[in-house]
Each structure stands twice: as C-alpha cells, then as structure tokens.
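Notes follow once the structure below has been shown.
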Amino acid sequence: MGGHFRWFDFVMAAFVTVLLLSNLIGAAKLSTLWGFTFGAGILFFPLGYVIGDVLTEVYGYARARRCVWAGFGGMTFMAVMSWVVVAMPPAEGWTGQAAYESVFGSTWRIVFASLLAFWAGEFANSFVLSKMKILTKGKHLWSRTIGSTVVGQGVDSVIFYPLAFLGVWTTDQVLTVMVTNWALKVGWEAVLTPVTYGVVGWLKRQEGVDVFDEGTNFTPFSAQV
C-alpha cells in the first residue's frame with residue numbers, strides 16, 4: 001500500500017501544494033512581459049504536471065490516482081471556503097471586501113471548469129505516461145513526460161477555456177488563449193526535463209522501486225492501490 005515508501009507522502013504534499021497555490025495566488029493576476037500578456041499562474045501551474053509525471057513514473061498510476069483525488073478534494077474545499085469567506089458580511093470599518101472579492105470571488109462557472117479540467121487532464125496525463133512506459137520498456141523518459149503533457153494539458157485546455165469563457169470572450173480569443181497557454185505549458189515541461197530526470201532518478205534509487213503498470217486497473221473512479 002505504499003507505507004514503506006520514504007518520500008511518497010512528501011511528493012504528494014508538494015503536488016497538492018503547487019496545485020492549490022497556483023490556482024489561489026496566480027490565477028487572478030495578468031502579467032505582461034516583453035509585450036506578451038499571460039496569467040501569472042502559468043509560471044507555476046505546470047509544476048503540478050511535472051510532479052504528477054514523477055508520481056506516475058516512480059510510484060505507478062494507482063498511487064498517482066490517489067494524489068489526483070487528494071488534489072481534487074483540496075481544490076473543492078478551497079472553492080467552498082473562498083465562497084463562504086467572500087460571502088460573509090464584512091465588519092464595520094473593514095475596507096478589504098472589494099479586494100477579497102476581486103482575488104477570491106471567482107464565478108462558479110470558472111470554478112467548475114477548473115475542477116473538471118484538472119480532473120480530466122491529470123488522469124489523461126497519468127494514463128498516457130503509464131502506458132508509454134510499458135511500450136518503451138522504461139526507456140526514453142523524456143518522450144513520456146513531454147508526450148503525456150501534450151495530451152494532459154491538451155485535455156485540460158480544451159475543457160477549461162470553452163467552459164469558463166465561451167460567450168464571455170469571443171471564440172477567437174478563447175481559441176487563441178487556449179492554444180497559447182497549452183503551448184507554454186508543454187514548453188515548460190520540455191524545459192524542466194533535466195530536473196524531472198534528476199528527481200525521478202533520485203527517488204527511484206531512494207525508494208528502490210520502478211513500477212510498471214502491467215495489469216493495473218486504470219479506472220479513475222477509485223482510490224485503491
């Protein structure tokens with residue numbers, strides 16, 4: 001069940017932490033660098049996919065699946081807590097309500113789109129990486145991490161942007177942002193490939209394990225190992 005692993009809990013905690021903070025802190029801010037405007041969260045959100053790749057590569061699909069559900073639960077609680085805190089009446093003389101609403105007052109349409117896109121994208125990412133590991137017999141890690149991110153981030157983007165913004169933005173704007181952000185996230189994955197190699201190699205040596213998901217039940221609707 002994974003109780004003998006030394007680092008699994010820490011990797012899962014890092015996965016959930018990056019996921020929550022990139023959505024909580026980075027999602028609400030637009031930034032412009034060198035004439036290019038983007039959501040600030042894109043600098044950190046792809047780290048969640050990198051850690052997800054590490055989880056699947058080292059510990060296998062079933063344990064990565066548990067982490068995805070942990071992240072999904074954390075995001076759901078964050079959304080409910082944000083709604084409750086923003087909806088509570090401010091104390092007399094407290095002037096921060098408008099700032100709170102601006103940062104934490106996401107519409108339920110965006111929250112729903114974010115949750116669904118994360119859930120589907122992460123499972124697609126983990127599934128593709130796991131299957132590619134079997135096909136490549138554990139070789140060419142770079143092809144699995146980048147290939148799974150192409151699919152996982154593609155699923156994430158195709159779900160999130162139309163659900164969240166179609167009808168609010170023009171169709172051209174939705175398509176442009178969807179493709180641009182997908183390309184940036186995949187690019188980040190490629191840039192961080194050396195880091196992924198180092199972390200994966202270190203964890204495999206520390207844990208003494210290299211899981212191949214032959215015979216694994218790939219249903220996402222389970223948390224069993």
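Following the order of the structure tokens, first chain is A, next is B, and so on, with residues numbered from 1 inside each chain and ligands from 1 in the order they appear.
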- Task: Please provide the set of residues having any atom within 9 Å of Ser106 (chain A), restricted to only C-alpha atoms, with same-chain residues fewer than 5 positions apart removed, written as a count of residues only.
- Result: 6
- Task: Compile the contact shell of region 204-214 of chain A as an MDAnalysis selection string: residues with an atom at most 7 Å away, counting only C-alpha atoms, same-chain residues fewer than 5 positions apart removed.
- Result: chainID A and resid 5:6 58:61 130 134
Dump of all heavy atoms for the selected residues, as a tab-separated table (two decimals), in the first residue's frame:
chain	number	residue	atom	x	y	z
A	5	PHE	N	7.31	3.44	1.59
A	5	PHE	CA	7.99	4.47	0.82
A	5	PHE	C	8.38	5.64	1.72
A	5	PHE	O	7.58	6.12	2.52
A	5	PHE	CB	7.11	4.96	-0.32
A	5	PHE	CG	6.91	3.95	-1.42
A	5	PHE	CD1	5.64	3.67	-1.90
A	5	PHE	CD2	7.99	3.27	-1.96
A	5	PHE	CE1	5.45	2.75	-2.90
A	5	PHE	CE2	7.82	2.35	-2.96
A	5	PHE	CZ	6.54	2.08	-3.43
A	6	ARG	N	9.59	6.11	1.54
A	6	ARG	CA	10.11	7.18	2.38
A	6	ARG	C	9.63	8.56	1.94
A	6	ARG	O	9.46	9.47	2.76
A	6	ARG	CB	11.64	7.15	2.38
A	6	ARG	CG	12.24	5.87	2.95
A	6	ARG	CD	13.75	5.82	2.71
A	6	ARG	NE	14.43	6.98	3.28
A	6	ARG	CZ	15.70	7.28	3.05
A	6	ARG	NH1	16.43	6.53	2.23
A	6	ARG	NH2	16.25	8.33	3.64
A	58	VAL	N	7.52	6.98	-10.95
A	58	VAL	CA	8.20	6.31	-9.84
A	58	VAL	C	7.26	5.35	-9.11
A	58	VAL	O	7.62	4.19	-8.85
A	58	VAL	CB	8.78	7.33	-8.84
A	58	VAL	CG1	9.44	6.61	-7.66
A	58	VAL	CG2	9.80	8.24	-9.54
A	59	TYR	N	6.05	5.82	-8.79
A	59	TYR	CA	5.17	5.06	-7.90
A	59	TYR	C	4.03	4.35	-8.61
A	59	TYR	O	3.32	3.55	-7.99
A	59	TYR	CB	4.60	5.99	-6.83
A	59	TYR	CG	5.64	6.64	-5.97
A	59	TYR	CD1	6.00	7.97	-6.14
A	59	TYR	CD2	6.29	5.92	-4.97
A	59	TYR	CE1	6.97	8.58	-5.35
A	59	TYR	CE2	7.27	6.51	-4.17
A	59	TYR	CZ	7.60	7.84	-4.37
A	59	TYR	OH	8.56	8.42	-3.58
A	60	GLY	N	3.81	4.64	-9.89
A	60	GLY	CA	2.77	3.97	-10.64
A	60	GLY	C	1.46	4.73	-10.68
A	60	GLY	O	1.21	5.66	-9.91
A	61	TYR	N	0.60	4.31	-11.61
A	61	TYR	CA	-0.66	5.00	-11.87
A	61	TYR	C	-1.57	5.01	-10.64
A	61	TYR	O	-2.20	6.02	-10.33
A	61	TYR	CB	-1.38	4.33	-13.04
A	61	TYR	CG	-2.75	4.90	-13.34
A	61	TYR	CD1	-2.89	5.96	-14.22
A	61	TYR	CD2	-3.90	4.36	-12.77
A	61	TYR	CE1	-4.14	6.50	-14.50
A	61	TYR	CE2	-5.15	4.88	-13.04
A	61	TYR	CZ	-5.27	5.94	-13.91
A	61	TYR	OH	-6.51	6.46	-14.19
A	130	SER	N	1.88	6.28	-18.14
A	130	SER	CA	1.96	4.89	-17.69
A	130	SER	C	1.98	3.91	-18.85
A	130	SER	O	2.79	2.97	-18.88
A	130	SER	CB	0.78	4.58	-16.76
A	130	SER	OG	0.87	3.27	-16.26
A	134	ILE	N	5.26	1.37	-20.45
A	134	ILE	CA	5.22	-0.06	-20.81
A	134	ILE	C	5.69	-0.24	-22.25
A	134	ILE	O	6.50	-1.13	-22.55
A	134	ILE	CB	3.80	-0.62	-20.62
A	134	ILE	CG1	3.41	-0.58	-19.14
A	134	ILE	CG2	3.71	-2.06	-21.14
A	134	ILE	CD1	1.96	-0.94	-18.88
Could you write out, as a CSV table (one decimal) with N, CA, C and O atoms, in the first residue's frame, all the residues of region 2-223 of chain A that DSSP marks as strand (DSSP E)?
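Result written to states.csv:
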chain,number,residue,atom,x,y,z
A,30,LEU,N,-3.0,39.0,-14.2
A,30,LEU,CA,-2.5,39.0,-15.5
A,30,LEU,C,-1.2,39.8,-15.5
A,30,LEU,O,-1.1,40.8,-14.8
A,31,SER,N,-0.2,39.3,-16.2
A,31,SER,CA,1.1,40.0,-16.2
A,31,SER,C,1.6,40.1,-17.7
A,31,SER,O,1.1,39.4,-18.6
A,32,THR,N,2.4,41.2,-17.9
A,32,THR,CA,2.9,41.4,-19.3
A,32,THR,C,4.4,41.5,-19.2
A,32,THR,O,5.0,42.2,-18.5
A,33,LEU,N,5.0,40.6,-20.0
A,33,LEU,CA,6.5,40.6,-20.1
A,33,LEU,C,6.9,40.6,-21.6
A,33,LEU,O,6.3,39.8,-22.4
A,36,PHE,N,4.1,40.4,-24.1
A,36,PHE,CA,3.2,39.2,-24.1
A,36,PHE,C,2.4,39.1,-22.8
A,36,PHE,O,3.0,39.2,-21.7
A,37,THR,N,1.1,39.1,-22.8
A,37,THR,CA,0.3,39.1,-21.6
A,37,THR,C,-0.2,37.6,-21.4
A,37,THR,O,-0.6,36.9,-22.3
A,38,PHE,N,-0.1,37.3,-20.1
A,38,PHE,CA,-0.5,35.9,-19.7
A,38,PHE,C,-0.9,35.9,-18.2
A,38,PHE,O,-0.6,36.8,-17.5
A,39,GLY,N,-1.6,34.8,-17.8
A,39,GLY,CA,-1.9,34.6,-16.4
A,39,GLY,C,-0.7,34.2,-15.7
A,39,GLY,O,0.0,33.3,-16.0
- Message: Could you list, as number ranges by chain, every residue within 10 Å of region 150-155 of chain A, counting only C-alpha atoms and ignoring same-chain residues fewer than 3 positions away?
- Response: A: 46, 49, 117-129, 144-147, 158-160, 178-179, 181-183, 185-187, 189
- Task: For Pro194 (chain A), work out the shell of residues within 12 Å, counting only C-alpha atoms and skipping chain neighbours fewer than 4 positions away, then give it as a list of chain:residue names.
- Result: A:Val50, A:Leu141, A:Trp142, A:Thr145, A:Ile146, A:Trp188, A:Glu189, A:Ala190, A:Gly198, A:Val199, A:Val200, A:Gly201
Written selection (N, CA and C atoms) as a JSON list (two decimals), in the first residue's frame:
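That gives us part-v7.json:
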[["chain", "number", "residue", "atom", "x", "y", "z"],
["A", 50, "VAL", "N", 4.54, 18.32, -13.78],
["A", 50, "VAL", "CA", 5.86, 17.71, -13.62],
["A", 50, "VAL", "C", 5.86, 16.75, -12.43],
["A", 141, "LEU", "N", 12.62, 8.48, -21.06],
["A", 141, "LEU", "CA", 11.73, 9.17, -20.14],
["A", 141, "LEU", "C", 11.22, 10.48, -20.72],
["A", 142, "TRP", "N", 12.07, 11.19, -21.43],
["A", 142, "TRP", "CA", 11.68, 12.48, -22.00],
["A", 142, "TRP", "C", 10.45, 12.34, -22.91],
["A", 145, "THR", "N", 7.33, 12.03, -20.54],
["A", 145, "THR", "CA", 6.93, 13.23, -19.81],
["A", 145, "THR", "C", 6.36, 14.30, -20.74],
["A", 146, "ILE", "N", 7.02, 14.50, -21.88],
["A", 146, "ILE", "CA", 6.53, 15.51, -22.82],
["A", 146, "ILE", "C", 5.28, 15.02, -23.53],
["A", 188, "TRP", "N", 7.16, 24.52, -20.93],
["A", 188, "TRP", "CA", 7.70, 24.45, -19.58],
["A", 188, "TRP", "C", 8.11, 23.02, -19.24],
["A", 189, "GLU", "N", 7.26, 22.07, -19.61],
["A", 189, "GLU", "CA", 7.57, 20.66, -19.34],
["A", 189, "GLU", "C", 8.88, 20.27, -20.03],
["A", 190, "ALA", "N", 9.06, 20.71, -21.27],
["A", 190, "ALA", "CA", 10.28, 20.38, -22.01],
["A", 190, "ALA", "C", 11.51, 21.02, -21.34],
["A", 198, "GLY", "N", 16.46, 14.21, -12.99],
["A", 198, "GLY", "CA", 17.19, 14.15, -11.73],
["A", 198, "GLY", "C", 16.33, 13.70, -10.57],
["A", 199, "VAL", "N", 15.11, 14.23, -10.47],
["A", 199, "VAL", "CA", 14.22, 13.87, -9.37],
["A", 199, "VAL", "C", 13.78, 12.42, -9.49],
["A", 200, "VAL", "N", 13.41, 11.99, -10.70],
["A", 200, "VAL", "CA", 12.97, 10.61, -10.91],
["A", 200, "VAL", "C", 14.08, 9.62, -10.56],
["A", 201, "GLY", "N", 15.29, 9.90, -11.05],
["A", 201, "GLY", "CA", 16.41, 9.01, -10.76],
["A", 201, "GLY", "C", 16.72, 8.92, -9.28]]
- Message: I want to know what sits within 12 Å of Ala99 (chain A), based on only C-alpha atoms, with residues of the same chain fewer than 4 positions away left out; could you give that as a ChimeraX atom specification?
- Response: /A:28,86,90,94-95,103-105
- Message: Quick check, in Å to one decimal: how far apart do CA of Val195 (chain A) and CA of Leu43 (chain A) lie?
- Response: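 Distance reported for this atom pair: 15.6 Å.
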- Query: Between CA of Val84 (chain A) and CA of Arg109 (chain A), what is the distance, to one decimal in Å?
  - Reply: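 Computed distance, CA of Val84 (chain A) to CA of Arg109 (chain A), equals 16.4 Å.
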- Item | Close residues, Phe72 (chain A) itself excluded, 10 Å, only C-alpha atoms, min 4 positions apart in chain, as a PyMOL selection string | chain A and resi 16+19-20+66-68+76-78+115-116+118-119
- Query: How many Å lie between CA of Met88 (chain A) and CA of Met75 (chain A), rounded to one decimal?
  - Reply: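 Computed distance, CA of Met88 (chain A) to CA of Met75 (chain A), equals 20.1 Å.
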- Query: Given the choices A:Tyr161, A:Trp69, A:Tyr100, A:Tyr197, which gets closest to Phe221 (chain A) if the distance is worked out from only C-alpha atoms?
  - Reply: A:Trp69
- Task: Apply DSSP to the structure's backbone, then extract all residues of region 86-135 of chain A labelled helix (DSSP H, G or I) and return them as a PyMOL selection string.
- Result: chain A and resi 86-87+97-104+108-135
Would you output that residue set with C-alpha atoms, as a PDB file, in the first residue's frame?
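Output below, filename selection.pdb:
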ATOM      1  CA  VAL A  86     -16.240  36.221   0.493  1.00  0.00           C
ATOM      2  CA  ALA A  87     -19.978  35.918   1.229  1.00  0.00           C
ATOM      3  CA  GLN A  97     -14.036  43.385   0.997  1.00  0.00           C
ATOM      4  CA  ALA A  98     -13.588  44.617  -2.568  1.00  0.00           C
ATOM      5  CA  ALA A  99     -10.033  43.256  -2.697  1.00  0.00           C
ATOM      6  CA  TYR A 100     -11.222  39.898  -1.339  1.00  0.00           C
ATOM      7  CA  GLU A 101     -13.961  39.695  -3.946  1.00  0.00           C
ATOM      8  CA  SER A 102     -11.505  40.587  -6.705  1.00  0.00           C
ATOM      9  CA  VAL A 103      -8.994  37.887  -5.740  1.00  0.00           C
ATOM     10  CA  PHE A 104     -11.163  35.116  -4.305  1.00  0.00           C
ATOM     11  CA  TRP A 108     -18.885  29.117 -10.089  1.00  0.00           C
ATOM     12  CA  ARG A 109     -18.615  28.668 -13.855  1.00  0.00           C
ATOM     13  CA  ILE A 110     -14.841  29.163 -13.665  1.00  0.00           C
ATOM     14  CA  VAL A 111     -14.549  27.026 -10.541  1.00  0.00           C
ATOM     15  CA  PHE A 112     -16.482  24.168 -12.156  1.00  0.00           C
ATOM     16  CA  ALA A 113     -14.430  24.428 -15.349  1.00  0.00           C
ATOM     17  CA  SER A 114     -11.181  24.426 -13.377  1.00  0.00           C
ATOM     18  CA  LEU A 115     -12.133  21.370 -11.313  1.00  0.00           C
ATOM     19  CA  LEU A 116     -13.321  19.350 -14.292  1.00  0.00           C
ATOM     20  CA  ALA A 117     -10.334  20.313 -16.448  1.00  0.00           C
ATOM     21  CA  PHE A 118      -7.846  19.432 -13.711  1.00  0.00           C
ATOM     22  CA  TRP A 119      -9.501  16.075 -13.013  1.00  0.00           C
ATOM     23  CA  ALA A 120      -9.667  15.022 -16.662  1.00  0.00           C
ATOM     24  CA  GLY A 121      -6.273  16.453 -17.623  1.00  0.00           C
ATOM     25  CA  GLU A 122      -4.360  14.871 -14.764  1.00  0.00           C
ATOM     26  CA  PHE A 123      -5.857  11.447 -15.336  1.00  0.00           C
ATOM     27  CA  ALA A 124      -5.152  11.673 -19.061  1.00  0.00           C
ATOM     28  CA  ASN A 125      -1.563  12.714 -18.304  1.00  0.00           C
ATOM     29  CA  SER A 126      -1.003   9.840 -15.876  1.00  0.00           C
ATOM     30  CA  PHE A 127      -2.670   7.263 -18.139  1.00  0.00           C
ATOM     31  CA  VAL A 128      -0.603   8.209 -21.196  1.00  0.00           C
ATOM     32  CA  LEU A 129       2.677   8.272 -19.272  1.00  0.00           C
ATOM     33  CA  SER A 130       1.964   4.886 -17.686  1.00  0.00           C
ATOM     34  CA  LYS A 131       1.069   3.245 -20.995  1.00  0.00           C
ATOM     35  CA  MET A 132       4.060   4.798 -22.760  1.00  0.00           C
ATOM     36  CA  LYS A 133       6.357   3.476 -20.033  1.00  0.00           C
ATOM     37  CA  ILE A 134       5.221  -0.058 -20.813  1.00  0.00           C
ATOM     38  CA  LEU A 135       5.562   0.484 -24.574  1.00  0.00           C
TER      39      LEU A 135
END
